[in-house]
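Novice: Next comes run07.cif, mmCIF, C-alpha atoms and all ligand atoms:
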data_coords
#
loop_
_atom_site.label_atom_id
_atom_site.label_comp_id
_atom_site.auth_asym_id
_atom_site.auth_seq_id
_atom_site.Cartn_x
_atom_site.Cartn_y
_atom_site.Cartn_z
CA MET A 1 -34.52 -5.20 -14.53
CA THR A 2 -31.65 -3.68 -12.51
CA ILE A 3 -31.23 0.07 -12.22
CA SER A 4 -27.99 -0.02 -14.21
CA ARG A 5 -29.57 -2.04 -17.00
CA THR A 6 -32.53 0.34 -17.26
CA PHE A 7 -30.13 3.27 -17.49
CA ILE A 8 -27.91 1.68 -20.14
CA ASP A 9 -30.87 0.47 -22.24
CA PHE A 10 -32.51 3.90 -22.12
CA PHE A 11 -29.43 5.44 -23.71
CA ILE A 12 -28.85 2.55 -26.14
CA ASP A 13 -32.39 3.24 -27.40
CA ARG A 14 -31.17 6.79 -28.06
CA ASP A 15 -28.20 5.59 -30.14
CA HIS A 16 -25.56 5.54 -27.40
CA VAL A 17 -22.91 2.81 -27.47
CA PRO A 18 -21.95 1.09 -24.19
CA THR A 19 -18.34 1.49 -23.04
CA THR A 20 -16.69 -0.98 -20.72
CA GLY A 21 -15.45 1.57 -18.17
CA SER A 22 -12.02 1.27 -16.59
CA THR A 23 -10.50 0.36 -13.22
CA LEU A 24 -9.71 2.93 -10.52
CA ILE A 25 -6.23 3.29 -12.01
CA PRO A 26 -6.02 6.01 -14.68
CA ARG A 27 -4.11 5.47 -17.91
CA LEU A 28 -0.33 5.87 -18.01
CA GLY A 29 0.83 9.49 -17.99
CA ASP A 30 -2.36 10.77 -16.36
CA PRO A 31 -1.49 13.21 -13.57
CA VAL A 32 -4.23 12.09 -11.16
CA LEU A 33 -3.83 9.11 -8.82
CA PHE A 34 -7.29 7.60 -9.21
CA THR A 35 -10.31 7.73 -11.52
CA THR A 36 -12.60 10.20 -9.78
CA SER A 37 -15.39 10.55 -12.29
CA GLY A 38 -16.99 8.76 -15.22
CA MET A 39 -15.64 11.31 -17.69
CA HIS A 40 -12.09 10.77 -16.59
CA PRO A 41 -11.17 7.96 -19.01
CA LEU A 42 -12.85 10.02 -21.76
CA THR A 43 -10.75 13.17 -21.33
CA PRO A 44 -8.87 12.90 -24.68
CA TYR A 45 -12.18 12.40 -26.51
CA LEU A 46 -13.85 15.36 -24.83
CA GLU A 47 -10.83 17.34 -25.97
CA GLY A 48 -11.39 16.35 -29.59
CA GLU A 49 -9.79 12.96 -30.32
CA PRO A 50 -12.32 10.78 -32.22
CA HIS A 51 -13.63 7.96 -30.03
CA PRO A 52 -13.61 4.54 -31.75
CA LEU A 53 -17.18 3.88 -30.62
CA GLY A 54 -18.61 7.14 -31.92
CA ARG A 55 -20.07 10.36 -30.51
CA ARG A 56 -22.69 8.98 -28.11
CA LEU A 57 -21.57 6.79 -25.22
CA VAL A 58 -23.08 5.27 -22.08
CA GLY A 59 -21.45 3.32 -19.27
CA ILE A 60 -20.77 2.59 -15.62
CA GLN A 61 -17.52 3.70 -14.04
CA ARG A 62 -16.21 2.96 -10.56
CA CYS A 63 -14.72 6.05 -8.95
CA LEU A 64 -12.72 6.89 -5.84
CA ARG A 65 -13.07 10.28 -4.18
CA THR A 66 -11.21 11.20 -1.03
CA THR A 67 -11.97 14.92 -1.27
CA ASP A 68 -15.24 14.36 0.62
CA LEU A 69 -13.60 12.13 3.25
CA ASP A 70 -14.99 14.07 6.22
CA GLU A 71 -18.50 13.63 4.89
CA VAL A 72 -18.23 9.86 4.73
CA GLY A 73 -20.34 8.59 7.62
CA ASP A 74 -23.37 10.63 6.57
CA ARG A 75 -26.28 9.13 4.58
CA THR A 76 -24.92 9.51 1.06
CA HIS A 77 -21.16 10.00 0.75
CA LEU A 78 -18.94 7.04 -0.18
CA THR A 79 -15.26 6.93 -1.09
CA VAL A 80 -15.70 4.24 -3.78
CA PHE A 81 -18.93 4.51 -5.73
CA GLU A 82 -20.29 3.74 -9.16
CA MET A 83 -21.27 6.41 -11.60
CA LEU A 84 -23.76 5.75 -14.37
CA GLY A 85 -22.80 8.07 -17.20
CA SER A 86 -23.88 9.28 -20.63
CA TRP A 87 -21.76 11.32 -23.01
CA SER A 88 -22.12 13.42 -26.11
CA LEU A 89 -18.77 13.99 -27.81
CA GLY A 90 -19.79 17.14 -29.66
CA ASP A 91 -23.02 15.51 -30.82
CA TYR A 92 -25.88 17.12 -28.88
CA GLY A 93 -26.34 19.76 -26.22
CA SER A 94 -27.96 20.59 -22.92
CA SER A 95 -31.56 20.58 -24.07
CA GLU A 96 -31.44 16.91 -25.18
CA THR A 97 -29.53 15.65 -22.16
CA LEU A 98 -31.74 17.41 -19.61
CA LYS A 99 -34.96 16.26 -21.28
CA TRP A 100 -33.71 12.68 -21.35
CA GLY A 101 -32.62 13.00 -17.74
CA TYR A 102 -36.09 14.14 -16.75
CA GLU A 103 -37.78 11.41 -18.79
CA LEU A 104 -35.62 8.63 -17.38
CA LEU A 105 -36.02 9.71 -13.75
CA THR A 106 -39.75 10.30 -13.91
CA SER A 107 -41.18 7.92 -16.54
CA ARG A 108 -38.79 4.98 -16.15
CA PHE A 109 -37.67 5.22 -12.54
CA GLY A 110 -40.97 6.68 -11.34
CA LEU A 111 -39.62 9.64 -9.34
CA ASP A 112 -42.21 12.29 -8.55
CA PRO A 113 -41.37 15.61 -10.30
CA ARG A 114 -42.94 17.43 -7.33
CA ARG A 115 -40.03 16.12 -5.27
CA MET A 116 -37.38 17.33 -7.70
CA TYR A 117 -35.38 20.57 -7.87
CA VAL A 118 -32.68 21.57 -10.32
CA THR A 119 -29.76 23.98 -10.25
CA VAL A 120 -28.36 25.89 -13.22
CA PHE A 121 -25.20 27.93 -13.76
CA GLY A 122 -26.12 31.56 -13.14
CA GLY A 123 -23.10 33.14 -14.89
CA ASP A 124 -19.91 34.80 -13.69
CA GLU A 125 -17.39 37.27 -15.06
CA GLN A 126 -16.08 34.74 -17.63
CA VAL A 127 -19.12 32.70 -18.71
CA PRO A 128 -22.74 33.86 -19.12
CA LEU A 129 -25.82 32.31 -17.51
CA ASP A 130 -26.64 28.90 -19.05
CA GLN A 131 -29.76 30.08 -20.89
CA GLU A 132 -30.42 26.82 -22.72
CA SER A 133 -30.52 24.74 -19.54
CA LEU A 134 -32.64 27.35 -17.80
CA ARG A 135 -35.14 27.40 -20.65
CA THR A 136 -35.27 23.60 -20.85
CA TRP A 137 -36.08 23.24 -17.15
CA GLN A 138 -38.64 26.03 -17.37
CA GLU A 139 -40.38 24.12 -20.18
CA LEU A 140 -40.31 20.97 -18.06
CA GLY A 141 -41.77 22.90 -15.14
CA LEU A 142 -39.22 22.07 -12.41
CA PRO A 143 -38.20 24.57 -9.71
CA ILE A 144 -34.79 26.08 -10.51
CA GLU A 145 -32.05 27.57 -8.35
CA LEU A 146 -29.19 29.52 -9.98
CA THR A 147 -25.69 29.24 -8.51
CA THR A 148 -22.15 29.91 -9.75
CA GLU A 149 -19.39 27.79 -8.11
CA ASP A 150 -21.76 24.89 -7.34
CA ASN A 151 -22.74 24.71 -11.01
CA TRP A 152 -19.28 24.69 -12.50
CA TRP A 153 -17.58 21.35 -13.02
CA SER A 154 -13.93 20.62 -13.67
CA ASN A 155 -11.79 17.58 -13.16
CA GLY A 156 -8.91 19.64 -11.81
CA PRO A 157 -7.43 23.14 -11.86
CA THR A 158 -6.79 22.87 -15.62
CA GLY A 159 -8.35 20.83 -18.45
CA PRO A 160 -11.92 20.31 -19.69
CA CYS A 161 -14.63 22.03 -17.71
CA GLY A 162 -17.95 23.80 -18.05
CA PRO A 163 -21.24 24.85 -16.52
CA ASP A 164 -23.41 22.08 -15.15
CA SER A 165 -26.99 21.48 -14.15
CA GLU A 166 -27.72 19.23 -11.19
CA ILE A 167 -30.91 17.33 -10.40
CA PHE A 168 -31.86 17.01 -6.74
CA VAL A 169 -34.49 14.79 -5.13
CA TRP A 170 -36.26 15.52 -1.83
CA THR A 171 -35.46 12.93 0.83
CA GLY A 172 -37.19 14.52 3.81
CA ASP A 173 -40.47 13.42 5.38
CA GLY A 174 -43.45 15.44 4.24
CA ASP A 175 -43.55 18.11 1.59
CA PRO A 176 -40.34 19.54 0.13
CA GLU A 177 -38.94 22.67 1.77
CA GLY A 178 -36.17 25.13 0.92
CA THR A 179 -33.79 24.73 -2.01
CA PRO A 180 -30.78 22.51 -2.77
CA THR A 181 -28.35 25.07 -1.30
CA THR A 182 -30.41 25.74 1.82
CA ASP A 183 -31.64 22.29 2.86
CA ASP A 184 -29.47 19.16 2.70
CA ARG A 185 -32.50 16.91 2.52
CA TRP A 186 -32.32 17.78 -1.16
CA VAL A 187 -29.90 15.10 -2.39
CA GLU A 188 -28.05 15.54 -5.67
CA VAL A 189 -28.47 12.53 -7.92
CA TRP A 190 -27.55 13.49 -11.44
CA ASN A 191 -25.10 16.03 -12.74
CA HIS A 192 -25.19 17.11 -16.40
CA VAL A 193 -22.03 18.97 -17.42
CA MET A 194 -21.92 21.09 -20.56
CA MET A 195 -18.21 20.49 -21.10
CA ARG A 196 -17.54 23.49 -23.32
CA TYR A 197 -14.14 24.79 -22.23
CA ARG A 198 -10.55 23.99 -21.44
CA ARG A 199 -8.99 25.92 -18.57
CA HIS A 200 -5.35 26.92 -18.97
CA ASP A 201 -2.68 27.40 -16.29
CA ASP A 202 -3.29 31.15 -16.21
CA GLY A 203 -7.00 30.58 -15.45
CA SER A 204 -8.21 31.60 -18.91
CA LEU A 205 -10.88 29.55 -20.69
CA GLU A 206 -10.68 28.35 -24.28
CA PRO A 207 -13.78 26.94 -26.02
CA LEU A 208 -13.24 23.25 -26.73
CA LYS A 209 -12.78 22.22 -30.35
CA GLN A 210 -15.95 20.12 -30.43
CA GLN A 211 -18.04 23.09 -29.47
CA ASN A 212 -16.69 25.12 -32.42
CA ASP A 213 -16.45 22.35 -35.01
CA TRP A 214 -20.10 21.63 -34.78
CA GLY A 215 -21.25 25.20 -35.02
CA GLY A 216 -22.07 24.86 -31.34
CA GLY A 217 -21.70 27.55 -28.76
CA ALA A 218 -24.14 27.79 -25.92
CA GLY A 219 -27.32 25.89 -26.55
CA LYS A 220 -26.25 23.78 -29.53
CA GLU A 221 -24.19 20.64 -29.95
CA CYS A 222 -21.38 20.38 -27.45
CA ASN A 223 -19.71 17.91 -25.17
CA ILE A 224 -22.06 16.56 -22.56
CA ASP A 225 -20.84 14.55 -19.58
CA THR A 226 -23.41 13.24 -17.15
CA GLY A 227 -22.93 11.30 -13.94
CA LEU A 228 -25.61 9.62 -11.84
CA GLY A 229 -24.49 8.01 -8.57
CA LEU A 230 -25.78 4.44 -8.57
CA GLU A 231 -25.83 4.05 -4.78
CA ARG A 232 -27.77 7.30 -4.25
CA LEU A 233 -30.28 6.49 -6.95
CA THR A 234 -30.75 3.03 -5.45
CA MET A 235 -31.36 4.64 -2.06
CA LEU A 236 -34.09 6.84 -3.54
CA LEU A 237 -35.74 4.10 -5.56
CA GLU A 238 -35.70 1.62 -2.69
CA GLY A 239 -36.98 4.31 -0.31
CA LYS A 240 -34.08 3.92 2.17
CA ARG A 241 -32.65 6.45 4.61
CA SER A 242 -29.05 5.93 3.56
CA VAL A 243 -27.02 4.24 0.86
CA TYR A 244 -25.91 1.65 3.45
CA GLU A 245 -29.46 0.37 3.85
CA THR A 246 -29.89 -0.38 0.14
CA SER A 247 -29.66 -3.83 -1.40
CA LEU A 248 -26.14 -2.93 -2.61
CA PHE A 249 -24.89 -3.11 1.00
CA GLU A 250 -27.10 -5.99 2.16
CA PRO A 251 -24.34 -8.44 3.18
CA TRP A 252 -22.42 -5.64 4.95
CA MET A 253 -25.36 -4.51 7.04
CA ARG A 254 -26.30 -8.09 7.86
CA THR A 255 -22.86 -9.03 9.18
CA ILE A 256 -20.89 -6.01 10.45
CA PRO A 257 -23.34 -4.83 13.17
CA LYS A 258 -23.31 -8.37 14.60
CA LEU A 259 -19.54 -8.53 14.53
CA TRP A 260 -18.74 -5.10 16.02
CA LYS A 261 -20.94 -2.85 18.13
CA LEU A 262 -20.39 0.63 16.69
CA ASP A 263 -22.39 3.85 16.61
CA GLU A 264 -24.05 4.57 13.26
CA ARG A 265 -21.45 6.99 11.95
CA SER A 266 -18.50 4.76 12.91
CA ARG A 267 -20.20 1.74 11.40
CA ARG A 268 -20.66 3.58 8.11
CA ILE A 269 -17.03 4.74 8.09
CA VAL A 270 -15.77 1.21 8.78
CA ILE A 271 -18.00 -0.31 6.09
CA ASP A 272 -17.17 2.36 3.53
CA HIS A 273 -13.41 2.31 4.09
CA LEU A 274 -13.16 -1.47 4.25
CA ARG A 275 -15.22 -1.94 1.10
CA SER A 276 -13.15 0.72 -0.70
CA SER A 277 -9.89 -0.84 0.49
CA ILE A 278 -10.97 -4.18 -0.96
CA VAL A 279 -11.79 -2.54 -4.31
CA ILE A 280 -8.52 -0.57 -4.39
CA VAL A 281 -6.41 -3.65 -3.59
CA GLY A 282 -8.54 -5.55 -6.12
CA ASP A 283 -7.39 -3.01 -8.74
CA GLY A 284 -3.76 -3.83 -7.94
CA VAL A 285 -2.70 -1.21 -5.36
CA HIS A 286 -0.70 -2.16 -2.24
CA PRO A 287 -0.39 -0.01 0.90
CA SER A 288 2.74 2.15 0.87
CA ASN A 289 4.08 5.55 1.91
CA THR A 290 3.59 7.27 -1.42
CA GLY A 291 1.02 7.88 -4.15
CA ARG A 292 -1.91 5.50 -4.52
CA GLY A 293 -0.55 3.17 -1.87
CA TYR A 294 -0.59 6.01 0.63
CA VAL A 295 -4.21 6.87 -0.09
CA LEU A 296 -5.03 3.21 0.56
CA ARG A 297 -2.91 3.15 3.73
CA ARG A 298 -4.72 6.21 5.09
CA LEU A 299 -8.11 4.66 4.43
CA ILE A 300 -7.12 1.44 6.18
CA ARG A 301 -5.65 3.31 9.15
CA ARG A 302 -8.67 5.58 9.44
CA MET A 303 -10.90 2.52 9.47
CA LEU A 304 -8.77 0.75 12.11
CA THR A 305 -8.58 3.85 14.29
CA THR A 306 -12.39 4.03 14.24
CA LEU A 307 -12.68 0.32 14.90
CA TRP A 308 -10.21 0.29 17.82
CA ARG A 309 -11.60 3.38 19.55
CA ASP A 310 -13.62 1.22 21.97
CA ASP A 311 -11.91 -2.13 21.63
CA ASP A 312 -8.45 -2.73 20.22
CA SER A 313 -8.92 -6.50 20.04
CA ARG A 314 -11.09 -6.10 16.93
CA SER A 315 -9.40 -7.46 13.83
CA LEU A 316 -9.92 -7.66 10.09
CA SER A 317 -9.27 -11.42 10.43
CA ASP A 318 -12.84 -11.63 11.76
CA VAL A 319 -14.46 -10.08 8.67
CA PRO A 320 -16.57 -12.73 6.90
CA ILE A 321 -15.12 -13.98 3.61
CA GLU A 322 -18.54 -13.33 2.09
CA LEU A 323 -17.91 -9.56 2.18
CA PHE A 324 -14.72 -9.90 0.19
CA GLU A 325 -16.39 -12.22 -2.31
CA HIS A 326 -19.43 -9.98 -2.68
CA THR A 327 -17.32 -6.86 -3.30
CA LEU A 328 -14.92 -8.47 -5.77
CA SER A 329 -17.75 -10.04 -7.69
CA HIS A 330 -19.79 -6.81 -7.79
CA PHE A 331 -16.84 -4.86 -9.19
CA HIS A 332 -15.86 -7.74 -11.54
CA GLN A 333 -12.40 -8.03 -10.04
CA GLY A 334 -10.31 -11.13 -10.60
CA GLU A 335 -7.99 -11.00 -7.54
CA THR A 336 -8.37 -13.80 -5.02
CA VAL A 337 -9.96 -13.27 -1.62
CA THR A 338 -6.97 -14.90 0.09
CA MET A 339 -4.55 -12.42 -1.46
CA ILE A 340 -6.66 -9.38 -0.60
CA ARG A 341 -7.27 -10.52 2.99
CA ARG A 342 -3.54 -11.17 3.44
CA ILE A 343 -2.63 -7.64 2.26
CA LEU A 344 -5.18 -5.99 4.55
CA ILE A 345 -4.31 -8.10 7.58
CA ASP A 346 -0.56 -7.48 7.08
CA GLU A 347 -1.30 -3.77 7.01
CA GLU A 348 -3.33 -4.10 10.21
CA ILE A 349 -0.38 -5.81 11.94
CA ARG A 350 2.01 -3.12 10.68
CA PHE A 351 -0.24 -0.36 12.00
CA SER A 352 -0.76 -2.07 15.34
CA ASN A 353 3.03 -2.41 15.80
CA LEU A 354 3.51 1.22 14.85
CA LEU A 355 0.95 2.32 17.44
CA ASP A 356 2.68 0.23 20.13
CA ARG A 357 6.01 1.77 19.25
CA GLY A 358 4.48 5.24 19.19
CA ARG A 359 2.95 4.87 22.65
CA LYS A 360 6.27 3.64 24.05
CA VAL A 361 8.30 6.48 22.51
CA LEU A 362 5.77 9.16 23.49
CA SER A 363 5.71 8.02 27.10
CA HIS A 364 9.27 9.36 27.38
CA GLU A 365 9.51 12.48 29.56
CA ARG A 366 10.93 14.52 26.69
CA PHE A 367 7.51 14.43 24.99
CA HIS A 368 5.43 15.45 28.02
CA LYS A 369 5.08 18.99 26.67
CA SER A 370 3.73 20.60 23.53
CA LEU A 371 5.73 19.38 20.56
CA ASP A 372 7.58 21.59 18.11
CA ASP A 373 8.67 20.91 14.52
CA THR A 374 12.03 19.46 15.66
CA ASP A 375 10.18 16.89 17.84
CA TYR A 376 7.85 15.93 14.98
CA LYS A 377 10.81 15.60 12.61
CA TYR A 378 12.70 13.43 15.09
CA LEU A 379 9.64 11.21 15.70
CA HIS A 380 9.10 10.84 11.99
CA ASP A 381 12.69 10.35 10.85
CA THR A 382 13.93 8.20 13.74
CA HIS A 383 10.81 6.27 14.75
CA GLY A 384 8.69 6.34 11.57
CA LEU A 385 5.83 8.09 13.38
CA PRO A 386 3.86 10.49 11.15
CA ARG A 387 2.66 13.73 12.70
CA GLU A 388 -1.06 12.86 12.51
CA LEU A 389 -0.40 9.56 14.28
CA VAL A 390 1.63 11.28 17.01
CA ASP A 391 -1.22 13.74 17.52
CA SER A 392 -3.77 10.97 17.72
CA LEU A 393 -1.74 9.22 20.45
CA ARG A 394 -1.38 12.26 22.73
N1 LIG A 401 -18.16 14.69 -14.31
C1 LIG A 401 -19.39 15.00 -13.63
C2 LIG A 401 -19.36 14.57 -12.20
O1 LIG A 401 -18.51 13.81 -11.81
C3 LIG A 401 -20.55 14.35 -14.34
O2 LIG A 401 -20.25 13.05 -14.64
O3 LIG A 401 -20.20 14.99 -11.45
#
Let me see the file written as structure tokens.
Specialist:
Amino acid sequence: MTISRTFIDFFIDRDHVPTTGSTLIPRLGDPVLFTTSGMHPLTPYLEGEPHPLGRRLVGIQRCLRTTDLDEVGDRTHLTVFEMLGSWSLGDYGSSETLKWGYELLTSRFGLDPRRMYVTVFGGDEQVPLDQESLRTWQELGLPIELTTEDNWWSNGPTGPCGPDSEIFVWTGDGDPEGTPTTDDRWVEVWNHVMMRYRRHDDGSLEPLKQQNDWGGGAGKECNIDTGLGLERLTMLLEGKRSVYETSLFEPWMRTIPKLWKLDERSRRIVIDHLRSSIVIVGDGVHPSNTGRGYVLRRLIRRMLTTLWRDDDSRSLSDVPIELFEHTLSHFHQGETVTMIRRILIDEEIRFSNLLDRGRKVLSHERFHKSLDDTDYKYLHDTHGLPRELVDSLR
């Protein structure tokens, strides 16, 4: 059985109803550009609106995060990834979710509890230590680290938020050492958020309705939002060094190293950004200078810049069709390969022309000095050369 199926079935057996998940594009009127977390499409329900499927949900959600962009290229960070999630909409609290989390990881997925560590919210001036989570982990016998900022989850500066408890797994050789905050061989796999509050513009916190309605408060029924990164879990269960070496990336790692000789970090960046670009275009976004299209454009340009560092004859036209097909089929996207390839290759041509123009303009004597804001404005307004591109060409 696949990892996703095992996860979903585990929660169905505990009365959760599967949701279909959504695309990377949030619903109309949502202030964020992309879906960044599994809870995102559930925001109105965490805030109190009754969900048509009930109070216990489970699902898989594709997410896009560009906040960790500089970390992409390491073993575990991806821009587009899939989050396995379980939710309690005011139905149960931290003790249930953490015990189920422990049971699923150890009994079903076979992870060794001696290679696990958990973190718990230690309290700050607004919210007390998360006693219930602490007690639950103590009963289960796992080592615990208390933190504040690292154990507070919110989807943005305002809106639903709360303390969380994160489960880490040791990925180093030999016996575990240190703690999650002191040794990055502890990899976070599963975050359980006790979504108890709404943060207002002035920074104040209001307990969410579902916490009060159900006689909740700390330790009783509340909103629970959990997210388990599928690629990371696959890496751990398949015993691989990085997410790129898992079965999820098999066709990528079989073809890209043969096509382009790149160092490990560059290869990961190229694979990640290209795969994400396919998924984003597959969800209906086209490259542009604003909004979602600009996020996509930056990803494509970052990938091409990495690809052309040693050899500017490399082209997306050479990418095997199989990689497009594999990605679209994995993410259940209906767009055609021909259309997606065309959009990406057109963007490559546009970027290549822009770089040629940039080099020509910057070779002018006027720019053989350090540039000031007037120069950058002129280069942008007259020649369409963004500041970061100008800097990369000098
Ligand atoms: N919203 C939390 C996260 O993204 C748990 O799903 O980590």
Novice: Go through chain A residue by residue and, counting all atoms listed in the file, keep those with an atom at most 8 Å from ligand LIG 401 (chain A); for each kept residue give the shortest atom pair and its distance in Å to one decimal, ordered by chain and increasing number, as JSON lines.
Specialist:
{"residue": "A:Thr36", "atom": "CA", "partner": "A:LIG401", "partner_atom": "O1", "distance": 7.2}
{"residue": "A:Ser37", "atom": "CA", "partner": "A:LIG401", "partner_atom": "O1", "distance": 4.5}
{"residue": "A:Gly38", "atom": "CA", "partner": "A:LIG401", "partner_atom": "O2", "distance": 5.4}
{"residue": "A:Met39", "atom": "CA", "partner": "A:LIG401", "partner_atom": "N1", "distance": 5.4}
{"residue": "A:His40", "atom": "CA", "partner": "A:LIG401", "partner_atom": "N1", "distance": 7.6}
{"residue": "A:Met83", "atom": "CA", "partner": "A:LIG401", "partner_atom": "O2", "distance": 7.4}
{"residue": "A:Gly85", "atom": "CA", "partner": "A:LIG401", "partner_atom": "O2", "distance": 6.2}
{"residue": "A:Ser86", "atom": "CA", "partner": "A:LIG401", "partner_atom": "O2", "distance": 8.0}
{"residue": "A:Trp153", "atom": "CA", "partner": "A:LIG401", "partner_atom": "C1", "distance": 6.6}
{"residue": "A:Ser154", "atom": "CA", "partner": "A:LIG401", "partner_atom": "N1", "distance": 7.3}
{"residue": "A:Asn155", "atom": "CA", "partner": "A:LIG401", "partner_atom": "N1", "distance": 7.1}
{"residue": "A:Trp190", "atom": "CA", "partner": "A:LIG401", "partner_atom": "O3", "distance": 7.5}
{"residue": "A:Asn191", "atom": "CA", "partner": "A:LIG401", "partner_atom": "C3", "distance": 5.1}
{"residue": "A:His192", "atom": "CA", "partner": "A:LIG401", "partner_atom": "C3", "distance": 5.8}
{"residue": "A:Val193", "atom": "CA", "partner": "A:LIG401", "partner_atom": "C3", "distance": 5.7}
{"residue": "A:Asp225", "atom": "CA", "partner": "A:LIG401", "partner_atom": "O2", "distance": 5.2}
{"residue": "A:Thr226", "atom": "CA", "partner": "A:LIG401", "partner_atom": "O2", "distance": 4.0}
{"residue": "A:Gly227", "atom": "CA", "partner": "A:LIG401", "partner_atom": "O2", "distance": 3.3}
{"residue": "A:Leu228", "atom": "CA", "partner": "A:LIG401", "partner_atom": "O2", "distance": 7.0}
Novice: Please, what distance in Å, to one decimal, runs between CA of Tyr102 in chain A and CA of His330 in chain A?
Specialist: 28.0 Å
Novice: Report, in Å to a single decimal, how far apart CA of Leu69 in chain A and CA of Arg232 in chain A are.
Specialist: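 Those two atoms sit 16.7 Å apart.
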Novice: For the atom pair CA of His326 in chain A and CA of Arg342 in chain A, what is the interatomic distance in Å to one decimal place?
Specialist: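 According to the coordinates, CA of His326 in chain A and CA of Arg342 in chain A are separated by 17.1 Å.
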Novice: Do a neighbour search on Leu142 in chain A at 9 Å with only C-alpha atoms, toss out local chain neighbours closer than 5 positions, and write the hits as a list of chain:residue names.
Specialist: A:Pro113, A:Arg114, A:Met116, A:Tyr117, A:Val118, A:Trp137
Novice: Could you save those same residues with C-alpha atoms as a PDB file, in the coordinates of the input?
Specialist:
ATOM      1  CA  PRO A 113     -41.370  15.610 -10.300  1.00  0.00           C
ATOM      2  CA  ARG A 114     -42.940  17.430  -7.330  1.00  0.00           C
ATOM      3  CA  MET A 116     -37.380  17.330  -7.700  1.00  0.00           C
ATOM      4  CA  TYR A 117     -35.380  20.570  -7.870  1.00  0.00           C
ATOM      5  CA  VAL A 118     -32.680  21.570 -10.320  1.00  0.00           C
ATOM      6  CA  TRP A 137     -36.080  23.240 -17.150  1.00  0.00           C
TER       7      TRP A 137
END
Novice: Pull the neighbourhood of (-13.3, -6.9, 3.4) for me: all residues within 8 Å in file coordinates, counting all atoms listed in the file, as a ChimeraX atom specification.
Specialist: /A:274-275,277-278,316,319-321,323-324,327,341
Novice: How close does each residue of range 201-320 of chain A get to range 162-176 of chain A, giving the shortest atom pair and distance in Å to one decimal for every residue with an atom at most 10 Å away, counting all atoms listed in the file, sorted by chain and residue number, as a tab-separated table?
Specialist:
residue	atom	partner	partner_atom	distance
A:Leu205	CA	A:Gly162	CA	9.5
A:Pro207	CA	A:Gly162	CA	9.5
A:Leu208	CA	A:Gly162	CA	9.9
A:Asn223	CA	A:Gly162	CA	9.4
A:Ile224	CA	A:Asp164	CA	9.3
A:Asp225	CA	A:Asp164	CA	9.1
A:Thr226	CA	A:Asp164	CA	9.1
A:Gly227	CA	A:Glu166	CA	9.7
A:Leu228	CA	A:Ile167	CA	9.5
A:Leu233	CA	A:Val169	CA	9.5
A:Met235	CA	A:Thr171	CA	9.7
A:Leu236	CA	A:Thr171	CA	7.6
A:Gly239	CA	A:Thr171	CA	8.8
A:Lys240	CA	A:Thr171	CA	9.2
A:Arg241	CA	A:Thr171	CA	8.0
A:Ser242	CA	A:Thr171	CA	9.9
Novice: Might you pull out every residue within 9 Å of Arg108 in chain A, with only C-alpha atoms counted and same-chain residues fewer than 3 positions away left off, and present them as a list in words?
Specialist: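 Selected residues are Thr6, Phe7, Phe10, Glu103, Leu104, Leu105 and Leu111 of chain A.
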Novice: Excluding same-chain residues fewer than 5 positions from His16 in chain A, what lies within 10 Å of it counting all atoms listed in the file, as a PyMOL selection string?
Specialist: chain A and resi 8-11+53-59+86-88
Novice: Find the spatial neighbours of range 363-370 of chain A, counting all atoms listed in the file, within a cut-off of 12 Å - ignore same-chain residues fewer than 6 positions away - and output them as a ChimeraX atom specification.
Specialist: /A:356-357,376,378-379,390-391,393-394
Novice: So which one's closest to His332 in chain A, A:Asp373, A:Gly21, A:Ile144, A:Asp70? Using all atoms listed in the file, please.
Specialist: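 Among the listed residues, the smallest separation from His332 in chain A belongs to A:Gly21.
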Novice: Of the candidates A:Ser247, A:Thr136, A:Gln61, A:Gln210, which one gets nearest to Gly90 in chain A if we count all atoms listed in the file?
Specialist: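 Residue with the minimum atom-to-atom distance to Gly90 in chain A: A:Gln210.
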Novice: With all atoms of range 46-54 of chain A from the file as input, state the centre and edge lengths in Å to one decimal of the axis-aligned box that has 6 Å extra on each side, as lines of an AutoDock Vina configuration file.
Specialist:
center_x = -14.2
center_y = 10.6
center_z = -28.5
size_x = 20.8
size_y = 25.5
size_z = 19.4
Novice: For the point (0.7, -2.9, 13.4) in file coordinates, what residues are within 12 Å, counting only C-alpha atoms? Give the answer as a PyMOL selection string?
Specialist: chain A and resi 297+300-301+304-305+312+315+344-358
Novice: So, counting all atoms listed in the file, which residue among A:Glu245, A:Asp283, A:Glu47, A:Asp183 is closest to Ile25 in chain A?
Specialist: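 Smallest distance to Ile25 in chain A is found for A:Asp283.
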Novice: Mind checking which residues fall within 12 Å of Pro44 in chain A, counting all atoms listed in the file, ignoring those fewer than 4 positions away in the same chain, and posting them as a list in words?
Specialist: Arg27, Asp30, Met39, His40, Gly48, Glu49, Pro50, His51, Pro52, Leu89, Gly159, Pro160, Arg198, Leu208, Lys209, Gln210 and Asn223 of chain A
Novice: Between A:Gln126, A:Glu231, A:Asp272, A:Leu24, which residue has the minimum interatomic distance to Gln333 in chain A, considering all atoms listed in the file?
Specialist: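 Using all atoms listed in the file, the shortest distance to Gln333 in chain A belongs to A:Leu24.
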